[in-house]
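A.B. asks: Structure supplied as my_file_22.csv; contents: CSV, C-alpha atoms.
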chain,number,residue,atom,x,y,z
A,6,MET,CA,56.9,58.6,170.9
A,7,ALA,CA,56.2,62.0,169.5
A,8,THR,CA,57.9,62.9,166.2
A,9,PRO,CA,59.3,66.4,165.5
A,10,ILE,CA,58.4,68.1,162.3
A,11,ARG,CA,61.3,70.2,161.0
A,12,MET,CA,61.4,73.1,158.5
A,13,PRO,CA,62.9,71.5,155.3
A,14,ALA,CA,65.6,73.0,153.2
A,15,LEU,CA,63.5,74.5,150.3
A,16,ALA,CA,65.2,77.9,149.6
A,17,GLN,CA,68.3,78.3,147.4
A,18,THR,CA,69.4,81.6,148.8
A,19,SER,CA,68.8,81.5,152.5
A,20,ASP,CA,68.5,79.2,155.5
A,21,GLU,CA,65.5,81.2,156.6
A,22,LEU,CA,61.9,80.5,155.4
A,23,ARG,CA,58.8,82.3,156.4
A,24,LEU,CA,56.0,80.1,157.7
A,25,THR,CA,52.8,81.6,156.1
A,26,ALA,CA,50.0,79.4,157.2
A,27,TRP,CA,49.1,76.2,159.0
A,28,LEU,CA,46.7,73.8,157.1
A,29,LYS,CA,46.0,71.9,160.2
A,30,THR,CA,45.3,73.0,163.8
A,31,GLU,CA,46.5,71.5,167.1
A,32,GLY,CA,44.5,68.3,167.8
A,33,ASP,CA,43.8,67.5,164.2
A,34,GLN,CA,44.6,64.1,162.7
A,35,VAL,CA,47.4,64.2,160.1
A,36,ALA,CA,48.3,61.5,157.6
A,37,GLU,CA,51.9,61.1,156.3
A,38,GLY,CA,52.2,63.0,153.0
A,39,GLU,CA,49.3,65.3,153.7
A,40,PRO,CA,49.9,69.0,153.4
A,41,LEU,CA,50.7,70.4,156.9
A,42,PHE,CA,51.7,74.0,156.5
A,43,GLU,CA,52.8,76.5,153.9
A,44,ALA,CA,56.2,78.2,153.8
A,45,GLU,CA,57.5,81.1,151.7
A,46,THR,CA,60.9,81.1,150.0
A,47,ASP,CA,62.4,84.0,148.1
A,48,LYS,CA,60.8,82.5,144.9
A,49,ALA,CA,57.5,80.9,145.8
A,50,GLU,CA,55.1,79.7,148.5
A,51,LEU,CA,55.2,76.0,149.0
A,52,GLU,CA,53.1,73.3,150.7
A,53,VAL,CA,55.1,71.2,153.2
A,54,GLU,CA,53.9,67.7,153.8
A,55,ALA,CA,53.7,65.8,157.1
A,56,THR,CA,56.5,63.2,157.4
A,57,THR,CA,54.5,61.0,159.7
A,58,SER,CA,51.0,60.2,160.7
A,59,GLY,CA,49.3,61.0,164.0
A,60,THR,CA,47.8,63.9,166.0
A,61,LEU,CA,49.2,67.4,165.6
A,62,LEU,CA,50.2,67.9,169.2
A,63,ARG,CA,51.8,71.3,169.2
A,64,CYS,CA,52.7,74.1,166.7
A,65,LEU,CA,55.9,75.9,167.6
A,66,ALA,CA,55.8,78.7,165.0
A,67,GLY,CA,53.0,80.9,163.8
A,68,PRO,CA,52.1,82.5,160.5
A,69,GLY,CA,54.7,85.2,159.7
A,70,ASP,CA,57.5,83.6,161.7
A,71,GLU,CA,61.0,83.3,160.1
A,72,VAL,CA,62.2,79.8,160.7
A,73,SER,CA,65.7,78.3,160.1
A,74,THR,CA,66.1,75.2,158.1
A,75,GLY,CA,66.1,72.2,160.4
A,76,THR,CA,64.2,73.9,163.2
A,77,VAL,CA,61.4,71.9,164.8
A,78,VAL,CA,58.1,73.7,164.0
A,79,ALA,CA,55.6,71.1,165.3
A,80,TRP,CA,55.2,67.7,167.1
A,81,ILE,CA,53.0,64.8,165.9
A,82,GLY,CA,52.2,61.9,168.0
A,83,ASP,CA,49.4,60.2,170.0
A,84,PRO,CA,46.7,62.3,171.8
A,85,GLY,CA,47.9,63.5,175.2
A,86,GLU,CA,51.4,62.4,174.6
A,87,ASP,CA,54.1,64.5,176.3
A,88,ILE,CA,56.5,66.4,174.1
A,89,PRO,CA,60.1,67.6,174.9
A,90,GLN,CA,60.4,71.0,176.4
A,91,ALA,CA,63.3,71.8,174.1
A,92,SER,CA,63.1,71.6,170.4
A,93,PRO,CA,66.5,71.0,168.9
A,94,ALA,CA,67.2,72.3,165.5
A,95,GLY,CA,69.3,70.7,162.8
A,96,PRO,CA,73.1,70.7,163.0
A,97,GLY,CA,74.4,74.2,163.6
A,98,LYS,CA,71.0,75.7,163.8
A,99,PRO,CA,69.4,77.5,166.7
A,100,GLY,CA,66.5,75.7,168.3
A,101,ILE,CA,63.3,76.9,170.0
A,102,SER,CA,63.9,76.8,173.7
A,103,ALA,CA,60.3,76.0,174.7
A,104,PRO,CA,57.1,75.1,173.0
A,105,ALA,CA,55.4,78.4,172.6
A,106,ALA,CA,51.7,78.3,171.9
A,107,VAL,CA,50.7,79.8,168.5
A,108,SER,CA,48.6,82.8,168.7
A,109,PRO,CA,44.9,82.1,167.9
A,110,ALA,CA,44.3,82.6,164.2
A,111,THR,CA,42.0,85.3,162.9
A,112,PRO,CA,38.8,84.3,161.0
A,113,ALA,CA,40.7,85.0,157.8
A,114,GLU,CA,43.6,82.8,158.8
A,115,ARG,CA,41.2,80.0,159.6
A,116,ARG,CA,39.6,80.1,156.2
A,117,PRO,CA,41.3,77.7,153.8
A,118,ALA,CA,42.9,79.8,151.0
A,119,THR,CA,45.7,79.4,148.6
A,120,PRO,CA,48.9,81.5,149.1
A,121,ALA,CA,48.1,83.4,145.9
A,122,ALA,CA,44.7,84.2,147.2
A,123,ARG,CA,46.0,85.5,150.5
A,124,THR,CA,48.7,87.6,148.8
A,125,LEU,CA,46.1,89.2,146.4
A,126,ALA,CA,43.7,89.8,149.3
A,127,ARG,CA,46.4,91.7,151.2
A,128,GLU,CA,47.2,93.8,148.1
A,129,ARG,CA,43.5,94.6,147.3
A,130,GLY,CA,42.4,95.0,150.9
A,131,ILE,CA,39.9,92.2,150.7
A,132,ASP,CA,38.8,90.4,153.9
A,133,LEU,CA,39.0,86.7,153.3
A,134,ALA,CA,36.5,86.1,156.2
A,135,ARG,CA,33.8,87.6,153.9
A,136,LEU,CA,34.5,85.3,150.9
A,137,THR,CA,33.1,82.0,149.9
A,138,GLY,CA,35.7,79.7,148.4
A,139,SER,CA,35.1,77.9,145.1
A,140,GLY,CA,38.0,75.5,145.5
A,141,PRO,CA,38.1,72.0,147.1
A,142,GLY,CA,36.7,71.9,150.6
A,143,GLY,CA,35.6,75.6,150.2
A,144,ARG,CA,39.2,76.8,149.8
A,145,ILE,CA,39.4,80.4,148.6
A,146,GLU,CA,41.1,80.6,145.2
A,147,ARG,CA,42.7,83.6,143.5
A,148,SER,CA,39.7,83.9,141.2
A,149,ASP,CA,37.4,84.3,144.2
A,150,VAL,CA,39.5,87.3,145.4
A,151,LEU,CA,39.5,88.8,141.9
A,152,ALA,CA,35.7,88.5,141.7
A,153,ALA,CA,35.4,90.2,145.1
A,154,ALA,CA,37.7,93.0,144.0
A,155,ASP,CA,35.7,93.5,140.8
A,156,ALA,CA,32.5,93.7,142.8
A,157,ALA,CA,34.0,96.3,145.1
A,158,GLY,CA,34.4,98.7,142.2
A,159,PRO,CA,37.4,100.7,140.9
A,160,THR,CA,40.3,101.7,143.2
A,161,HIS,CA,42.3,104.9,143.2
A,162,ALA,CA,44.9,103.1,141.1
A,163,ASP,CA,42.3,102.7,138.3
A,164,ALA,CA,42.0,106.5,138.2
A,165,GLY,CA,45.7,106.8,137.3
A,166,SER,CA,47.2,107.5,140.8
A,167,THR,CA,50.3,105.7,142.1
A,168,SER,CA,50.0,102.4,143.9
A,169,VAL,CA,52.3,100.4,146.2
A,170,VAL,CA,54.4,97.9,144.4
A,171,PRO,CA,53.1,94.4,145.5
A,172,PRO,CA,55.4,92.0,147.3
A,173,HIS,CA,56.0,89.7,144.4
A,174,ARG,CA,57.1,92.5,142.1
A,175,ARG,CA,59.4,93.8,144.8
A,176,ALA,CA,60.9,90.4,145.1
A,177,ILE,CA,61.4,90.3,141.3
A,178,ALA,CA,63.0,93.7,141.3
A,179,ALA,CA,65.4,92.7,144.1
A,180,ARG,CA,66.5,89.6,142.4
A,181,LEU,CA,67.0,91.4,139.0
A,182,SER,CA,69.0,94.1,140.8
A,183,ARG,CA,71.2,91.3,142.2
A,184,ALA,CA,71.5,89.7,138.8
A,185,ALA,CA,72.7,93.0,137.3
A,186,ALA,CA,75.8,92.8,139.5
A,187,VAL,CA,76.7,89.4,138.1
A,188,PRO,CA,79.1,89.4,135.1
A,189,GLN,CA,77.2,87.8,132.2
A,190,PHE,CA,77.8,86.9,128.6
A,191,THR,CA,75.7,85.3,125.8
A,192,VAL,CA,76.4,82.8,123.2
A,193,SER,CA,73.9,81.9,120.5
A,194,ARG,CA,73.2,79.3,117.8
A,195,THR,CA,70.6,78.5,115.2
A,196,VAL,CA,69.4,75.0,115.1
A,197,ASP,CA,67.5,72.9,112.6
A,198,ALA,CA,64.2,72.3,114.4
A,199,ARG,CA,62.9,69.5,112.2
A,200,PRO,CA,64.0,66.5,114.4
A,201,ALA,CA,62.8,68.2,117.6
A,202,LEU,CA,59.4,69.0,116.0
A,203,ALA,CA,59.0,65.5,114.7
A,204,ARG,CA,59.8,64.1,118.2
A,205,ALA,CA,57.2,66.3,119.8
A,206,ALA,CA,54.6,65.6,117.1
A,207,GLY,CA,54.6,61.9,117.9
A,208,HIS,CA,53.1,62.3,121.4
A,209,ASP,CA,49.8,63.7,122.8
A,210,GLY,CA,50.2,67.0,124.6
A,211,VAL,CA,53.9,67.3,124.0
A,212,THR,CA,55.4,70.5,122.7
A,213,LEU,CA,58.8,71.8,121.6
A,214,THR,CA,59.4,73.0,125.2
A,215,HIS,CA,59.3,69.5,126.5
A,216,VAL,CA,61.9,68.4,124.0
A,217,LEU,CA,64.0,71.4,125.0
A,218,LEU,CA,63.9,70.5,128.6
A,219,GLN,CA,65.1,67.0,127.9
A,220,ALA,CA,67.9,68.4,125.7
A,221,VAL,CA,69.1,70.8,128.4
A,222,ALA,CA,69.1,68.0,131.0
A,223,ALA,CA,71.1,65.7,128.8
A,224,ALA,CA,73.6,68.6,128.0
A,225,LEU,CA,74.0,69.2,131.8
A,226,ARG,CA,75.1,65.6,132.2
A,227,ALA,CA,77.5,66.0,129.3
A,228,THR,CA,78.9,69.3,130.7
A,229,PRO,CA,79.2,69.0,134.5
A,230,PRO,CA,80.8,72.4,135.0
A,231,VAL,CA,77.5,74.1,133.9
A,232,ASN,CA,75.6,72.0,136.5
A,233,ARG,CA,77.1,74.0,139.4
A,234,VAL,CA,76.3,77.3,141.0
A,235,TRP,CA,78.3,80.1,142.5
A,236,ARG,CA,77.9,80.6,146.3
A,237,ASP,CA,79.2,83.8,147.9
A,238,ASP,CA,80.1,82.2,151.2
A,239,GLY,CA,83.7,81.1,150.6
A,240,PRO,CA,83.2,81.8,147.7
A,241,ARG,CA,82.6,78.2,146.5
A,242,PHE,CA,81.0,76.2,143.8
A,243,LEU,CA,78.0,74.0,144.7
A,244,GLN,CA,78.0,71.0,142.3
A,245,LEU,CA,74.4,69.9,141.9
A,246,ALA,CA,73.7,66.2,142.2
A,247,HIS,CA,70.8,66.0,139.7
A,248,ALA,CA,70.2,67.3,136.2
A,249,HIS,CA,67.1,69.4,137.1
A,250,VAL,CA,66.1,72.1,134.7
A,251,GLY,CA,64.2,75.3,135.6
A,252,LEU,CA,61.2,76.5,133.5
A,253,ALA,CA,60.3,80.2,133.4
A,254,ILE,CA,56.5,80.6,134.0
A,255,ALA,CA,54.6,83.8,133.4
A,256,ALA,CA,51.5,84.3,135.6
A,257,ASP,CA,49.6,87.6,135.3
A,258,ASP,CA,52.0,90.3,136.6
A,259,ASN,CA,54.3,87.7,138.1
A,260,LEU,CA,57.3,85.7,136.9
A,261,LEU,CA,58.7,82.6,138.6
A,262,VAL,CA,60.8,79.5,137.9
A,263,ALA,CA,59.6,76.0,138.5
A,264,THR,CA,62.1,73.2,138.7
A,265,ILE,CA,61.4,70.2,136.5
A,266,PRO,CA,63.1,67.2,138.1
A,267,GLU,CA,65.5,65.4,135.7
A,268,PRO,CA,63.3,65.7,132.5
A,269,ASP,CA,65.6,63.5,130.5
A,270,ARG,CA,64.7,60.6,132.8
A,271,LEU,CA,61.0,60.9,131.9
A,272,GLY,CA,59.1,59.9,128.8
A,273,LEU,CA,57.8,62.8,126.8
A,274,GLU,CA,54.2,62.3,127.7
A,275,GLU,CA,55.0,61.9,131.4
A,276,LEU,CA,57.2,65.0,131.2
A,277,ALA,CA,54.3,66.9,129.7
A,278,LEU,CA,52.0,65.9,132.6
A,279,THR,CA,54.7,66.9,135.1
A,280,THR,CA,55.3,70.2,133.4
A,281,ARG,CA,51.6,71.0,133.3
A,282,ARG,CA,51.3,70.3,137.0
A,283,ALA,CA,54.3,72.6,137.8
A,284,VAL,CA,52.8,75.4,135.6
A,285,ALA,CA,49.4,75.1,137.2
A,286,GLU,CA,50.9,75.1,140.8
A,287,GLY,CA,53.1,78.1,139.9
A,288,ARG,CA,50.3,80.1,138.6
A,289,ARG,CA,48.3,79.4,141.7
A,290,GLY,CA,51.3,80.6,143.8
A,291,ARG,CA,51.7,77.2,145.4
A,292,LEU,CA,54.7,75.0,144.3
A,293,ALA,CA,55.3,71.5,145.6
A,294,ALA,CA,58.7,71.1,147.1
A,295,ALA,CA,59.9,69.0,144.2
A,296,PHE,CA,59.3,71.9,141.9
A,297,ALA,CA,61.5,74.2,144.0
A,298,ALA,CA,64.6,72.1,144.1
A,299,PRO,CA,67.9,73.8,143.0
A,300,ALA,CA,68.6,74.0,139.2
A,301,ALA,CA,71.6,75.5,137.5
A,302,VAL,CA,69.9,76.3,134.1
A,303,THR,CA,66.5,77.6,133.2
A,304,VAL,CA,64.6,77.5,129.9
A,305,SER,CA,62.7,80.6,128.9
A,306,ASN,CA,60.6,80.2,125.8
A,307,LEU,CA,58.8,83.2,124.3
A,308,GLY,CA,58.3,81.6,120.9
A,309,MET,CA,54.5,81.4,121.6
A,310,PHE,CA,54.4,85.2,121.7
A,311,GLY,CA,56.0,85.5,118.2
A,312,VAL,CA,59.4,86.5,119.5
A,313,ASP,CA,62.2,85.6,117.1
A,314,ARG,CA,65.2,85.9,119.4
A,315,PHE,CA,66.0,87.5,122.8
A,316,GLU,CA,68.5,87.4,125.5
A,317,ALA,CA,67.5,86.7,129.1
A,318,ILE,CA,69.0,87.6,132.5
A,319,VAL,CA,70.6,84.9,134.6
A,320,ASP,CA,69.0,84.4,138.0
A,321,PRO,CA,71.6,85.3,140.6
A,322,ASP,CA,71.4,81.8,142.1
A,323,GLN,CA,71.8,79.9,138.8
A,324,THR,CA,74.5,79.5,136.2
A,325,ALA,CA,72.7,80.0,132.9
A,326,ILE,CA,69.4,80.7,131.1
A,327,LEU,CA,68.5,79.5,127.7
A,328,ALA,CA,66.3,82.0,125.8
A,329,VAL,CA,64.2,80.4,123.0
A,330,GLY,CA,62.4,82.1,120.2
A,331,ARG,CA,59.8,80.9,117.8
A,332,VAL,CA,60.3,78.4,115.0
A,333,VAL,CA,60.9,80.3,111.7
A,334,GLN,CA,60.9,79.0,108.2
A,335,ARG,CA,64.2,80.1,106.6
A,336,PRO,CA,66.0,79.2,103.3
A,337,ALA,CA,68.9,76.8,104.0
A,338,VAL,CA,71.1,74.4,102.1
A,339,THR,CA,69.8,70.9,102.5
A,340,GLU,CA,70.7,67.5,100.9
A,341,ASP,CA,68.1,68.3,98.3
A,342,GLY,CA,69.4,71.8,97.6
A,343,ILE,CA,68.1,75.1,98.9
A,344,ALA,CA,64.7,74.7,100.7
A,345,ALA,CA,62.7,76.3,103.5
A,346,VAL,CA,63.7,74.8,106.8
A,347,PRO,CA,62.1,75.4,110.2
A,348,GLN,CA,64.9,76.9,112.4
A,349,LEU,CA,65.1,77.9,116.0
A,350,ASP,CA,67.3,80.6,117.5
A,351,LEU,CA,68.8,79.8,120.9
A,352,ALA,CA,70.7,82.3,123.1
A,353,LEU,CA,72.5,81.0,126.2
A,354,THR,CA,73.3,83.7,128.8
A,355,ALA,CA,75.8,82.5,131.5
A,356,ASP,CA,77.3,83.6,134.8
A,357,HIS,CA,80.9,84.3,133.9
A,358,ARG,CA,82.1,83.7,137.5
A,359,THR,CA,81.1,80.0,137.0
A,360,VAL,CA,81.7,79.2,133.4
A,361,ASP,CA,83.8,80.6,130.6
A,362,GLY,CA,82.9,81.1,126.9
A,363,ALA,CA,84.3,77.8,125.7
A,364,THR,CA,82.4,75.8,128.4
A,365,ALA,CA,79.2,77.7,127.6
A,366,ALA,CA,79.7,77.0,123.9
A,367,ARG,CA,80.2,73.3,124.5
A,368,PHE,CA,77.1,73.1,126.6
A,369,LEU,CA,75.0,74.9,123.9
A,370,ALA,CA,76.5,72.6,121.2
A,371,ALA,CA,75.4,69.6,123.3
A,372,VAL,CA,71.8,71.1,123.5
A,373,CYS,CA,71.8,71.6,119.7
A,374,ALA,CA,73.1,68.1,119.1
A,375,GLU,CA,70.3,66.6,121.2
A,376,LEU,CA,67.7,68.7,119.4
A,377,GLU,CA,69.0,67.7,115.9
A,378,SER,CA,69.5,64.0,116.7
Take the structure from the file and write it as C-alpha cells.
C.D. replies:
Amino acid sequence: MATPIRMPALAQTSDELRLTAWLKTEGDQVAEGEPLFEAETDKAELEVEATTSGTLLRCLAGPGDEVSTGTVVAWIGDPGEDIPQASPAGPGKPGISAPAAVSPATPAERRPATPAARTLARERGIDLARLTGSGPGGRIERSDVLAAADAAGPTHADAGSTSVVPPHRRAIAARLSRAAAVPQFTVSRTVDARPALARAAGHDGVTLTHVLLQAVAAALRATPPVNRVWRDDGPRFLQLAHAHVGLAIAADDNLLVATIPEPDRLGLEELALTTRRAVAEGRRGRLAAAFAAPAAVTVSNLGMFGVDRFEAIVDPDQTAILAVGRVVQRPAVTEDGIAAVPQLDLALTADHRTVDGATAARFLAAVCAELES
C-alpha cells in the first residue's frame, strides 16, 4: 500500500513552509532516510528525508508552493500502484483535493544544486544550467556560482549604484524589526574562565563555545521558566520538552541560528563534531531538520573577533540570547593573593514577556556555576 509523505513541522513561527526543490523525480527509487525534497522555513532551507522506501509515485506540490504542516506532498509505494485521489492533511489542516501533476522542471531545476547556490544564482542572475557542479554527484555548490559571477565581470553594484536587498537580508531585517517590538532587558556577569578553559583544553577540537553550550543546556534544566517561549496565539507559553540550545552562525553576509540538540547529553568531543556539522550545513544554507528544532536560548560568541563585551537582540521566537566576549586577563583576588585571572563577560538579554529579572539572574547564575565548577 502506498505511503503518504507529509510536510513535517520544521518552522517555529508558521505552519506554512515553502517547498523549494525535489531531489528525486517521479519514478525514482527512494530509500528511507534519503533526502527527498528541500523546504524553506523563515530561518533556513532544510533537506527533508523520506520516511519509507519505495518508488516515488507522485509529487503533489511543486517548487515554490507554500505547504501546510501535515499536508501530503508525495506518495511512495510500488511501481504502478494506485494512490488515493484525495490527500488528507494532518489534524485541522487543509488537504490537497486531487493529485496534481508537478509542472516539468526547467533545466536549472533539474540540475542538482544546494539551496545556497540557487539563492545566490537568483541574486546574481546566473543560469545554473550553464554551470558544472564541483560537489558530490555534480551538485552545484555556492563556490561554483561565485566563480561564475567572478568570471562574468563587475556588476552595476560594483560601481557604487544601488542594488536590491537579497532575500536572506530581507528576512533578517523583518525578524529584527519584530524583535524591536519585544520588551527586552539585559543582565550581565563576569565569570572566572579557568575551569571552563581547562575543561576545553583536555579534548581535541573542543573550544570554549562547546563548554558554554553545555553550561546553557544544564542551566535550562535547572531553570524551566527560561526553557519556554511566548506565543501570540492566546497568548500562551510553549514549554519546550528538550534542553536544546541555539548557536548563532555568521556566514558571509548572512546570519542564522542552528539548534544544537541537548548539548549537555553529549561528550565534549561528540559535541564538537555535531557543532562543526551544524556550522558547515548552516554556511551552505542547508540545515538538517535536527538543527532547526525549537530552542529557547541562543549563544552568540564574538570573542574570536576580539570583542570584550556586547549585548545581543533576542530572536522574536526565543526567550533569551547569551552574548559572549573574549577571555581577558584581569587582576583579581585569588587564594594566593592578587593575580592575573582569565575572565569572561557574559550578557544575557531576555524577553520580558516570558521571564522577569530574578528568573534571568538565576539562569545566568546557573550558567556561571557550570562554567566555574
A.B. asks: Grab the atom CA of A:Val333 to atom CA of A:Leu218 distance for me, in Å with one decimal place.
C.D. replies: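 Atom CA of A:Leu218 lies at a distance of 19.8 Å from atom CA of A:Val333.
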A.B. asks: A:Gly82, A:Gly67, A:Pro268, A:Gly210: which is nearest A:Leu225, counting only C-alpha atoms?
C.D. replies: A:Pro268
A.B. asks: Within 10 Å of A:Ala246, counting only C-alpha atoms, which residues qualify if same-chain residues fewer than 3 places away don't, as a list in words?
C.D. replies: Pro229, Asn232, Arg233, Leu243, His249, Pro299 and Ala300 of chain A
A.B. asks: Restricting the calculation to only C-alpha atoms: of A:Val72, A:Val231, A:Val170, A:Ala248, which residue gets closest to A:Arg367?
C.D. replies: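 Counting only C-alpha atoms, the residue closest to A:Arg367 is A:Val231.
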A.B. asks: Which residue is closest to A:Ala223? Choose from A:Pro200, A:His247, A:Gln348, A:Leu51 and count only C-alpha atoms.
C.D. replies: A:His247
A.B. asks: Hey, can you check how far atom CA of A:Val169 sits from atom CA of A:Leu292?
C.D. replies: 25.6 Å
A.B. asks: Which of these, A:Pro68, A:Gly140, A:Gly251, A:Gly311, has the shortest distance to A:Val284 once you count only C-alpha atoms?
C.D. replies: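 Distance minimum relative to A:Val284 lands on A:Gly251.
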A.B. asks: So how many Å separate atom CA of A:Glu286 and atom CA of A:Trp27, to one decimal?
C.D. replies: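 Atom-to-atom, atom CA of A:Glu286 and atom CA of A:Trp27 are spaced 18.3 Å apart.
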A.B. asks: Considering all atoms listed in the file, can you say which of A:Arg204, A:Arg226, A:Arg335, A:Arg291 comes closest to A:Leu273?
C.D. replies: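 Closest to A:Leu273 of all the choices is A:Arg204.
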A.B. asks: Counting all atoms listed in the file, which residues have an atom no more than 10 Å from (62.7, 87.4, 143.9) in the file's coordinates? Please list them as a PyMOL selection string.
C.D. replies: chain A and resi 46-49+172-183+260-261+320-321
A.B. asks: Identify which of the residues A:Leu24, A:Ala157, A:Ala206, A:Val302 lies closest to A:Glu267, counting all atoms listed in the file when measuring atom-to-atom distances.
C.D. replies: A:Val302
A.B. asks: Excluding stretch 117-125 of chain A and its own-chain neighbours fewer than 5 positions away, which residues fall within 12 Å of it when counting only C-alpha atoms? Please give them as a PyMOL selection string.
C.D. replies: chain A and resi 24-30+42-45+49-52+68+110-112+130-134+136-154+171-174+256-259+286-292
A.B. asks: If we count all atoms listed in the file and set the cut-off at 10 Å, which residues sit around A:Asp350, ignoring sequence neighbours fewer than 6 positions away in its own chain? Please answer as an NGL selection string.
C.D. replies: :A and (193-198 or 308 or 313-315 or 328-333)
A.B. asks: List as number ranges by chain the protein and nucleic acid residues near A:Leu369, meaning an atom at most 9 Å away when all atoms listed in the file are counted, but skip any in the same chain fewer than 6 places from it.
C.D. replies: A: 192-194, 221, 224, 327, 351-353
